[in-house]
Structure formats: C-alpha cells, structure tokens
Amino acid sequence: SDPSVVSQLLATAHWAALAHGQQRRKSGSQPAYIQHPLHVASLLASPPSSLCPDPPLEILQAAILHDTVEDTDVTEQDLQDRFGPVVTRIVMECSDDKDLSKEARKQAQIDSAPHKSDGAKHVKLADKLSNLTDLMSPEGRPAGWSVKRIQEYFIWAKRVTDRCIDVNPGLGAQLEELYKSATFVH
Ligand code: NDP
Ligand code: ZN
C-alpha cells in the first residue's frame with residue numbers, strides 16, 4: 001500500500017495515543033484507552049468489514065480519533081488544524097453533545113443514526129461492535145456492571161446500529177451474531 005497512507009495512519013495513532021494520555025478503559029484490567037480506538041479502526045480495515053480491502057484513509061483516521069473530543073481536551077479546531085474537514089466532520093458526528101443529560105444523549109444516538117454520513121455510520125457500527133465485544137467477556141466488562149446494566153447496553157446499542165447497519169453488511173453480520181449469542185437481548 002501507499003507508504004504515505006501508512007505513515008499518516010501511524011502518525012494519527014501516535015497523536016491519539018498522546019491525546020488519551022493516561023486514560024483507561026472501564027474493564028477490570030483497566031487497559032490503556034487507546035486500545036479501543038485502535039480496535040475500532042482495525043475492525044473497519046479487516047474482513048468481514050465491507051470497507052475491506054481498500055478502506056478510505058479518512059474513515060480509519062476518524063475511527064482512531066473518534067473519542068478524542070468526547071473524552072480528552074482535544075477540540076474540534078485542533079482536529080481541523082491537524083487532520084482537515086473530512087476527518088473532523090466524522091469525529092464530530094460521532095461525539096455526543098455533553099450539554100445533554102445521559103438519558104438524552106442515548107436517545108440522540110438513536111434518533112441521529114440514520115441521518116449521519118456514511119463515514120460516521122461506519123465508525124458508529126465499529127464503535128458499538130468494539131464495546132459489545134468487551135461486554136461479552138468477563139475480563140472486558142467494566143467492573144461493577146450488573147447483568148441488567150449489560151442487557152440495557154445491548155438493547156440500546158442494537159437500537160442505534162439497527163438504524164445504520166446497511167452501510168456495512170460485513171460488520172452488520174458480526175453485530176447480528178453478537179445480538180443472537182447474547183440471548184438476553186431478545
Ligand atoms: P455508559 O453506559 O454510557 O458506558 C458505556 C460507555 O463506556 C461505552 O459506550 C464506551 O464508550 C465506554 N466504555 C469504556 N470502557 C468500556 C468497556 N470496557 N466496555 C464497554 N464500554 C466501555 O455509561 P454512563 O456512565 O455514561 O451511564 C449512562 C447510562 O447507563 C445511564 O443513562 C443509564 O441508562 C445507564 N445505567 C444503568 C445502570 C443499571 O444498573 N442498569 C446503572 C447506571 C447507569 P466509548 O465508545 O465512548 O468508549
Ligand atoms: Zn468509542
């Protein structure tokens with residue numbers, strides 16, 4: 001592949017790792033936060049993702065950066081200056097409005113899912129697939145989450161992904177498998 005694409009992707013991963021700094025995921029083992037955005041990008045770039053074998057660079061960059069505005073002090077302007085409008089737009093479409101209550105944010109994700117750009121739909125699907133995969137295993141699960149809380153997360157995630165799943169039938173099939181194996185979702 002084009003060496004400039006490889007170097008831009010690695011530079012993006014480095015930039016995001018610096019932005020997330022010491023942040024940790026909520027899993028019991030508290031892994032470095034950056035493992036999740038890298039997982040999201042990797043899911044989009046690998047089979048059975050429908051973006052495979054030639055995923056657009058900007059979508060992979062947006063996947064790597066998708067939680068920086070929501071979870072770090074990185075601003076929309078920082079992204080504009082460093083990565084330009086295409087990447088920035090996708091990241092902003094994937095960032096919750098922190099002025100809303102947690103309940104309203106969850107509803108906003110359901111309502112907005114079908115209206116997002118294709119790039120943002122791809123990132124959203126992979127983001128949910130990554131989080132749900134974590135929730136499937138006892139080690140990946142946030143410490144202290146009850147079965148009921150995990151069930152509620154699956155039900156909400158399905159309501160979001162059902163409304164944008166058509167953009168990536170490959171990841172869509174993986175999500176369907178997860179929803180089927182997590183029998184409590186029905
Ligand atoms: P969330 O339920 O929104 O937390 C899940 C988010 O945490 C994910 O979307 C993910 O977001 C991130 N995350 C970090 N580590 C992990 C991991 N290991 N596995 C999966 N996801 C991870 O939590 P909030 O604290 O924001 O709570 C909001 C809602 O939770 C409330 O509105 C309420 O509905 C519900 N709730 C339910 C309870 C219950 O017992 N039933 C108790 C308390 C709250 P990202 O992609 O950004 O990393
Ligand atoms: Zn995420």
# chains A, B, ... in the order shown; residues from 1 in each chain; ligands from 1
call {"tool": "residues_near_ligand", "arguments": {"ligand": "ligand 1", "cutoff": "6 Å", "atoms": "only C-alpha atoms and all ligand atoms", "output": "PyMOL selection string"}}
result
chain A and resi 25-27+67+102-103+127+131+134-135+140-142+146+148-149
call {"tool": "residues_around", "arguments": {"residues": "Leu43 of chain A", "least_positions_apart": "5", "cutoff": "9 Å", "atoms": "only C-alpha atoms", "output": "list in words"}}
result
Leu38, Pro48, Ser49, Ala126, Asp127, Leu129, Ser130 and Leu171 of chain A
call {"tool": "closest_residue", "arguments": {"among": "A:Asp54, A:Glu70, A:Asp96, A:Glu176", "to": "Ser1 of chain A", "atoms": "only C-alpha atoms"}}
result
A:Asp54
call {"tool": "residues_around", "arguments": {"residues": "Gly84 of chain A", "least_positions_apart": "6", "cutoff": "10 Å", "atoms": "only C-alpha atoms", "output": "ChimeraX atom specification"}}
result
/A:58,77-78
call {"tool": "write_last_selection", "arguments": {"atoms": "C-alpha atoms", "output": "mmCIF file, in the first residue's frame"}}
result
data_model
loop_
_atom_site.group_PDB
_atom_site.id
_atom_site.type_symbol
_atom_site.label_atom_id
_atom_site.label_comp_id
_atom_site.auth_asym_id
_atom_site.auth_seq_id
_atom_site.Cartn_x
_atom_site.Cartn_y
_atom_site.Cartn_z
ATOM 1 C CA GLU A 58 -10.072 9.454 6.422
ATOM 2 C CA GLN A 77 -10.478 23.224 15.981
ATOM 3 C CA ASP A 78 -7.470 21.058 16.941
#
call {"tool": "closest_residue", "arguments": {"among": "A:Ile155, A:Lys124, A:Ile64, A:Thr133", "to": "Leu178 of chain A", "atoms": "only C-alpha atoms"}}
result
A:Thr133
call {"tool": "closest_residue", "arguments": {"among": "A:His66, A:Arg82, A:Lys158, A:Arg105", "to": "Lys128 of chain A", "atoms": "only C-alpha atoms"}}
result
A:Lys158
call {"tool": "select_by_dssp", "arguments": {"residues": "chain A", "states": "helix (DSSP H, G or I)", "output": "compact mmCIF listing (two decimals) with N, CA and C atoms, in the first residue's frame"}}
result
# COMPACT_ATOMS: atom_id res chain seq x y z
N PRO A 3 2.96 4.19 0.88
CA PRO A 3 3.68 4.47 2.13
C PRO A 3 3.20 5.73 2.83
N SER A 4 2.68 6.70 2.09
CA SER A 4 2.22 7.92 2.76
C SER A 4 0.94 7.63 3.56
N VAL A 5 0.15 6.67 3.10
CA VAL A 5 -1.05 6.28 3.85
C VAL A 5 -0.64 5.61 5.15
N VAL A 6 0.32 4.71 5.06
CA VAL A 6 0.80 4.03 6.27
C VAL A 6 1.35 5.04 7.26
N SER A 7 2.15 5.98 6.77
CA SER A 7 2.76 6.94 7.70
C SER A 7 1.72 7.88 8.30
N GLN A 8 0.71 8.26 7.51
CA GLN A 8 -0.35 9.11 8.08
C GLN A 8 -1.17 8.37 9.14
N LEU A 9 -1.42 7.09 8.89
CA LEU A 9 -2.18 6.31 9.88
C LEU A 9 -1.40 6.16 11.18
N LEU A 10 -0.10 5.87 11.05
CA LEU A 10 0.70 5.71 12.27
C LEU A 10 0.82 7.03 13.01
N ALA A 11 0.96 8.13 12.28
CA ALA A 11 1.03 9.44 12.93
C ALA A 11 -0.28 9.76 13.65
N THR A 12 -1.40 9.37 13.04
CA THR A 12 -2.71 9.58 13.67
C THR A 12 -2.81 8.77 14.95
N ALA A 13 -2.38 7.51 14.89
CA ALA A 13 -2.43 6.65 16.09
C ALA A 13 -1.55 7.23 17.20
N HIS A 14 -0.38 7.74 16.83
CA HIS A 14 0.50 8.35 17.83
C HIS A 14 -0.15 9.58 18.44
N TRP A 15 -0.74 10.42 17.61
CA TRP A 15 -1.39 11.66 18.07
C TRP A 15 -2.54 11.33 19.02
N ALA A 16 -3.35 10.33 18.66
CA ALA A 16 -4.48 9.94 19.52
C ALA A 16 -3.99 9.33 20.83
N ALA A 17 -2.91 8.56 20.77
CA ALA A 17 -2.36 7.95 22.00
C ALA A 17 -1.90 9.05 22.95
N LEU A 18 -1.25 10.08 22.41
CA LEU A 18 -0.84 11.21 23.25
C LEU A 18 -2.06 11.92 23.83
N ALA A 19 -3.10 12.10 23.01
CA ALA A 19 -4.31 12.81 23.47
C ALA A 19 -4.98 12.04 24.61
N HIS A 20 -5.07 10.72 24.50
CA HIS A 20 -5.73 9.93 25.54
C HIS A 20 -4.83 9.75 26.77
N GLN A 35 -6.37 1.45 23.22
CA GLN A 35 -6.63 0.13 22.62
C GLN A 35 -8.01 0.09 21.95
N HIS A 36 -8.98 0.82 22.51
CA HIS A 36 -10.34 0.80 21.93
C HIS A 36 -10.43 1.53 20.58
N PRO A 37 -9.97 2.77 20.47
CA PRO A 37 -9.99 3.40 19.13
C PRO A 37 -9.18 2.63 18.09
N LEU A 38 -8.07 2.04 18.50
CA LEU A 38 -7.29 1.23 17.55
C LEU A 38 -8.08 -0.02 17.15
N HIS A 39 -8.81 -0.60 18.08
CA HIS A 39 -9.67 -1.75 17.77
C HIS A 39 -10.75 -1.35 16.77
N VAL A 40 -11.36 -0.19 16.98
CA VAL A 40 -12.42 0.29 16.08
C VAL A 40 -11.87 0.45 14.65
N ALA A 41 -10.69 1.07 14.52
CA ALA A 41 -10.09 1.24 13.19
C ALA A 41 -9.74 -0.11 12.57
N SER A 42 -9.22 -1.00 13.40
CA SER A 42 -8.84 -2.33 12.91
C SER A 42 -10.06 -3.12 12.44
N LEU A 43 -11.18 -3.01 13.15
CA LEU A 43 -12.41 -3.69 12.73
C LEU A 43 -12.85 -3.20 11.35
N LEU A 44 -12.71 -1.89 11.09
CA LEU A 44 -13.12 -1.33 9.80
C LEU A 44 -12.20 -1.74 8.66
N ALA A 45 -10.94 -2.00 9.00
CA ALA A 45 -9.93 -2.26 7.96
C ALA A 45 -9.76 -3.75 7.65
N LEU A 57 -8.69 6.26 3.89
CA LEU A 57 -7.81 6.73 4.96
C LEU A 57 -8.56 7.58 5.97
N GLU A 58 -9.40 8.53 5.49
CA GLU A 58 -10.07 9.45 6.42
C GLU A 58 -11.00 8.73 7.40
N ILE A 59 -11.63 7.64 6.96
CA ILE A 59 -12.52 6.91 7.87
C ILE A 59 -11.69 6.21 8.96
N LEU A 60 -10.55 5.64 8.57
CA LEU A 60 -9.69 5.00 9.58
C LEU A 60 -9.13 6.04 10.55
N GLN A 61 -8.75 7.20 10.04
CA GLN A 61 -8.26 8.26 10.93
C GLN A 61 -9.36 8.70 11.90
N ALA A 62 -10.57 8.88 11.37
CA ALA A 62 -11.69 9.29 12.23
C ALA A 62 -11.97 8.22 13.29
N ALA A 63 -11.85 6.94 12.91
CA ALA A 63 -12.05 5.86 13.88
C ALA A 63 -11.03 5.96 15.01
N ILE A 64 -9.78 6.20 14.64
CA ILE A 64 -8.71 6.30 15.65
C ILE A 64 -8.95 7.50 16.57
N LEU A 65 -9.54 8.55 16.01
CA LEU A 65 -9.73 9.81 16.76
C LEU A 65 -11.13 9.93 17.38
N THR A 68 -11.66 11.37 20.94
CA THR A 68 -10.77 12.42 21.47
C THR A 68 -11.55 13.65 21.91
N VAL A 69 -12.54 14.08 21.13
CA VAL A 69 -13.27 15.30 21.51
C VAL A 69 -14.16 15.02 22.72
N GLU A 70 -14.78 13.83 22.74
CA GLU A 70 -15.66 13.48 23.84
C GLU A 70 -14.90 13.29 25.15
N ASP A 71 -13.74 12.70 25.08
CA ASP A 71 -13.07 12.21 26.31
C ASP A 71 -11.75 12.86 26.65
N GLU A 76 -12.60 20.55 18.43
CA GLU A 76 -12.90 20.46 17.01
C GLU A 76 -11.85 21.24 16.19
N GLN A 77 -11.47 22.41 16.70
CA GLN A 77 -10.48 23.22 15.98
C GLN A 77 -9.12 22.52 15.90
N ASP A 78 -8.73 21.84 16.97
CA ASP A 78 -7.47 21.06 16.94
C ASP A 78 -7.51 20.04 15.80
N LEU A 79 -8.65 19.36 15.67
CA LEU A 79 -8.77 18.34 14.61
C LEU A 79 -8.74 18.99 13.24
N GLN A 80 -9.46 20.11 13.09
CA GLN A 80 -9.44 20.85 11.81
C GLN A 80 -8.01 21.19 11.41
N ASP A 81 -7.25 21.74 12.37
CA ASP A 81 -5.89 22.20 12.07
C ASP A 81 -4.97 21.04 11.69
N ARG A 82 -5.15 19.91 12.37
CA ARG A 82 -4.21 18.80 12.20
C ARG A 82 -4.65 17.82 11.12
N PHE A 83 -6.00 17.58 10.99
CA PHE A 83 -6.47 16.50 10.11
C PHE A 83 -7.43 16.95 9.01
N GLY A 84 -7.89 18.21 9.06
CA GLY A 84 -8.74 18.72 7.98
C GLY A 84 -10.21 18.39 8.17
N PRO A 85 -11.05 18.91 7.23
CA PRO A 85 -12.50 18.90 7.42
C PRO A 85 -13.16 17.52 7.33
N VAL A 86 -12.64 16.63 6.51
CA VAL A 86 -13.33 15.34 6.31
C VAL A 86 -13.27 14.51 7.59
N VAL A 87 -12.06 14.37 8.13
CA VAL A 87 -11.87 13.61 9.37
C VAL A 87 -12.62 14.28 10.52
N THR A 88 -12.51 15.61 10.60
CA THR A 88 -13.14 16.35 11.70
C THR A 88 -14.65 16.17 11.69
N ARG A 89 -15.25 16.23 10.52
CA ARG A 89 -16.71 16.07 10.41
C ARG A 89 -17.15 14.73 10.96
N ILE A 90 -16.44 13.68 10.59
CA ILE A 90 -16.83 12.34 11.04
C ILE A 90 -16.69 12.23 12.56
N VAL A 91 -15.59 12.73 13.10
CA VAL A 91 -15.39 12.66 14.56
C VAL A 91 -16.49 13.43 15.28
N MET A 92 -16.83 14.63 14.77
CA MET A 92 -17.87 15.42 15.44
C MET A 92 -19.24 14.73 15.35
N GLU A 93 -19.50 14.06 14.23
CA GLU A 93 -20.76 13.30 14.12
C GLU A 93 -20.82 12.13 15.10
N LYS A 102 -27.42 12.24 30.33
CA LYS A 102 -27.01 10.92 29.81
C LYS A 102 -28.16 10.24 29.09
N GLU A 103 -29.35 10.35 29.64
CA GLU A 103 -30.54 9.76 29.01
C GLU A 103 -30.78 10.37 27.63
N ALA A 104 -30.70 11.71 27.54
CA ALA A 104 -30.95 12.41 26.27
C ALA A 104 -29.87 12.08 25.24
N ARG A 105 -28.63 11.90 25.70
CA ARG A 105 -27.55 11.51 24.78
C ARG A 105 -27.83 10.16 24.15
N LYS A 106 -28.32 9.23 24.97
CA LYS A 106 -28.60 7.88 24.45
C LYS A 106 -29.72 7.96 23.40
N GLN A 107 -30.76 8.77 23.70
CA GLN A 107 -31.85 8.92 22.74
C GLN A 107 -31.35 9.62 21.47
N ALA A 108 -30.48 10.61 21.62
CA ALA A 108 -29.96 11.35 20.46
C ALA A 108 -29.19 10.41 19.53
N GLN A 109 -28.46 9.45 20.09
CA GLN A 109 -27.74 8.50 19.23
C GLN A 109 -28.72 7.66 18.40
N ILE A 110 -29.83 7.27 19.02
CA ILE A 110 -30.84 6.50 18.28
C ILE A 110 -31.44 7.37 17.17
N ASP A 111 -31.84 8.59 17.54
CA ASP A 111 -32.52 9.48 16.59
C ASP A 111 -31.62 9.88 15.42
N SER A 112 -30.33 10.12 15.69
CA SER A 112 -29.45 10.67 14.65
C SER A 112 -28.83 9.60 13.76
N ALA A 113 -28.83 8.35 14.20
CA ALA A 113 -28.09 7.30 13.47
C ALA A 113 -28.39 7.24 11.97
N PRO A 114 -29.69 7.27 11.56
CA PRO A 114 -29.95 7.13 10.13
C PRO A 114 -29.56 8.35 9.31
N HIS A 115 -29.32 9.47 9.98
CA HIS A 115 -29.06 10.73 9.26
C HIS A 115 -27.58 11.06 9.17
N ASP A 118 -22.12 8.47 5.66
CA ASP A 118 -21.69 7.07 5.62
C ASP A 118 -20.44 6.84 6.47
N GLY A 119 -19.49 7.77 6.40
CA GLY A 119 -18.26 7.61 7.19
C GLY A 119 -18.56 7.48 8.67
N ALA A 120 -19.45 8.35 9.17
CA ALA A 120 -19.81 8.30 10.59
C ALA A 120 -20.58 7.02 10.93
N LYS A 121 -21.42 6.56 10.00
CA LYS A 121 -22.13 5.29 10.24
C LYS A 121 -21.14 4.13 10.38
N HIS A 122 -20.13 4.10 9.50
CA HIS A 122 -19.11 3.05 9.62
C HIS A 122 -18.44 3.08 11.00
N VAL A 123 -18.04 4.28 11.43
CA VAL A 123 -17.34 4.39 12.72
C VAL A 123 -18.27 4.00 13.85
N LYS A 124 -19.53 4.43 13.80
CA LYS A 124 -20.51 4.09 14.84
C LYS A 124 -20.68 2.58 14.98
N LEU A 125 -20.84 1.90 13.83
CA LEU A 125 -21.02 0.44 13.87
C LEU A 125 -19.82 -0.24 14.50
N ALA A 126 -18.62 0.16 14.10
CA ALA A 126 -17.41 -0.47 14.64
C ALA A 126 -17.22 -0.13 16.11
N ASP A 127 -17.60 1.09 16.49
CA ASP A 127 -17.51 1.52 17.91
C ASP A 127 -18.40 0.62 18.78
N LYS A 128 -19.64 0.42 18.34
CA LYS A 128 -20.55 -0.43 19.11
C LYS A 128 -20.05 -1.87 19.12
N LEU A 129 -19.55 -2.35 17.97
CA LEU A 129 -19.05 -3.73 17.92
C LEU A 129 -17.88 -3.91 18.90
N SER A 130 -17.02 -2.92 18.99
CA SER A 130 -15.89 -2.99 19.93
C SER A 130 -16.39 -3.01 21.37
N ASN A 131 -17.29 -2.10 21.71
CA ASN A 131 -17.80 -2.04 23.10
C ASN A 131 -18.57 -3.32 23.47
N LEU A 132 -19.38 -3.82 22.54
CA LEU A 132 -20.16 -5.02 22.83
C LEU A 132 -19.26 -6.24 22.97
N THR A 133 -18.19 -6.28 22.16
CA THR A 133 -17.23 -7.38 22.29
C THR A 133 -16.59 -7.35 23.68
N ASP A 134 -16.23 -6.17 24.15
CA ASP A 134 -15.71 -6.04 25.52
C ASP A 134 -16.73 -6.55 26.53
N LEU A 135 -17.98 -6.18 26.34
CA LEU A 135 -19.02 -6.55 27.32
C LEU A 135 -19.32 -8.05 27.32
N MET A 136 -19.00 -8.75 26.22
CA MET A 136 -19.27 -10.19 26.13
C MET A 136 -18.37 -10.99 27.07
N VAL A 147 -25.70 -7.64 35.42
CA VAL A 147 -26.25 -8.25 34.21
C VAL A 147 -27.30 -7.32 33.59
N LYS A 148 -28.12 -6.72 34.45
CA LYS A 148 -29.18 -5.83 33.97
C LYS A 148 -28.59 -4.65 33.20
N ARG A 149 -27.51 -4.11 33.71
CA ARG A 149 -26.89 -2.96 33.05
C ARG A 149 -26.32 -3.36 31.69
N ILE A 150 -25.70 -4.54 31.63
CA ILE A 150 -25.16 -5.03 30.36
C ILE A 150 -26.30 -5.28 29.37
N GLN A 151 -27.37 -5.87 29.84
CA GLN A 151 -28.55 -6.09 28.99
C GLN A 151 -29.06 -4.78 28.41
N GLU A 152 -29.15 -3.77 29.27
CA GLU A 152 -29.67 -2.48 28.81
C GLU A 152 -28.74 -1.87 27.76
N TYR A 153 -27.43 -2.07 27.94
CA TYR A 153 -26.48 -1.53 26.96
C TYR A 153 -26.66 -2.22 25.60
N PHE A 154 -26.82 -3.56 25.62
CA PHE A 154 -27.04 -4.29 24.36
C PHE A 154 -28.31 -3.81 23.67
N ILE A 155 -29.38 -3.65 24.42
CA ILE A 155 -30.66 -3.25 23.83
C ILE A 155 -30.55 -1.86 23.20
N TRP A 156 -29.90 -0.95 23.93
CA TRP A 156 -29.71 0.40 23.38
C TRP A 156 -28.80 0.38 22.15
N ALA A 157 -27.68 -0.35 22.24
CA ALA A 157 -26.73 -0.40 21.11
C ALA A 157 -27.42 -0.94 19.86
N LYS A 158 -28.28 -1.96 20.05
CA LYS A 158 -28.99 -2.53 18.89
C LYS A 158 -29.93 -1.51 18.28
N ARG A 159 -30.57 -0.72 19.12
CA ARG A 159 -31.47 0.32 18.59
C ARG A 159 -30.69 1.34 17.76
N VAL A 160 -29.45 1.62 18.13
CA VAL A 160 -28.61 2.54 17.35
C VAL A 160 -28.15 1.86 16.06
N THR A 161 -27.58 0.66 16.18
CA THR A 161 -26.96 0.05 14.99
C THR A 161 -28.01 -0.42 13.98
N ILE A 165 -27.12 0.05 10.02
CA ILE A 165 -26.39 -1.21 9.78
C ILE A 165 -26.16 -1.48 8.29
N ASP A 166 -27.04 -0.91 7.43
CA ASP A 166 -26.96 -1.20 5.99
C ASP A 166 -25.67 -0.70 5.34
N VAL A 167 -25.00 0.26 5.97
CA VAL A 167 -23.81 0.85 5.36
C VAL A 167 -22.65 -0.16 5.31
N PRO A 169 -22.56 -4.20 5.56
CA PRO A 169 -23.15 -5.52 5.79
C PRO A 169 -22.18 -6.49 6.46
N GLY A 170 -20.89 -6.34 6.23
CA GLY A 170 -19.91 -7.23 6.86
C GLY A 170 -19.90 -7.07 8.38
N LEU A 171 -19.73 -5.84 8.84
CA LEU A 171 -19.79 -5.60 10.29
C LEU A 171 -21.20 -5.84 10.81
N GLY A 172 -22.19 -5.54 9.96
CA GLY A 172 -23.58 -5.78 10.34
C GLY A 172 -23.81 -7.24 10.70
N ALA A 173 -23.25 -8.15 9.91
CA ALA A 173 -23.41 -9.57 10.18
C ALA A 173 -22.74 -9.94 11.51
N GLN A 174 -21.59 -9.34 11.80
CA GLN A 174 -20.93 -9.60 13.08
C GLN A 174 -21.77 -9.11 14.25
N LEU A 175 -22.38 -7.93 14.08
CA LEU A 175 -23.26 -7.41 15.12
C LEU A 175 -24.46 -8.34 15.32
N GLU A 176 -25.05 -8.80 14.22
CA GLU A 176 -26.20 -9.71 14.33
C GLU A 176 -25.82 -10.97 15.10
N GLU A 177 -24.60 -11.50 14.81
CA GLU A 177 -24.12 -12.68 15.54
C GLU A 177 -24.07 -12.40 17.04
N LEU A 178 -23.51 -11.24 17.39
CA LEU A 178 -23.40 -10.87 18.80
C LEU A 178 -24.78 -10.77 19.44
N TYR A 179 -25.71 -10.11 18.75
CA TYR A 179 -27.05 -9.94 19.31
C TYR A 179 -27.73 -11.29 19.48
N LYS A 180 -27.43 -12.23 18.55
CA LYS A 180 -28.03 -13.56 18.63
C LYS A 180 -27.44 -14.34 19.80
N SER A 181 -26.11 -14.25 19.97
CA SER A 181 -25.46 -15.04 21.03
C SER A 181 -25.73 -14.44 22.40
N THR A 183 -28.30 -13.85 24.30
CA THR A 183 -29.71 -14.23 24.20
C THR A 183 -30.63 -13.29 24.96
N PHE A 184 -30.07 -12.61 25.99
CA PHE A 184 -30.91 -11.72 26.78
C PHE A 184 -31.38 -10.50 26.00
N VAL A 185 -30.81 -10.26 24.81
CA VAL A 185 -31.21 -9.09 24.02
C VAL A 185 -32.63 -9.25 23.49
call {"tool": "closest_residue", "arguments": {"among": "A:Ser95, A:Ser137, A:Ser29, A:Ser117", "to": "ligand 2", "atoms": "only C-alpha atoms and all ligand atoms"}}
result
A:Ser95
call {"tool": "closest_residue", "arguments": {"among": "A:Cys94, A:Pro47, A:Cys52, A:Gln30", "to": "ligand 2", "atoms": "only C-alpha atoms and all ligand atoms"}}
result
A:Cys94
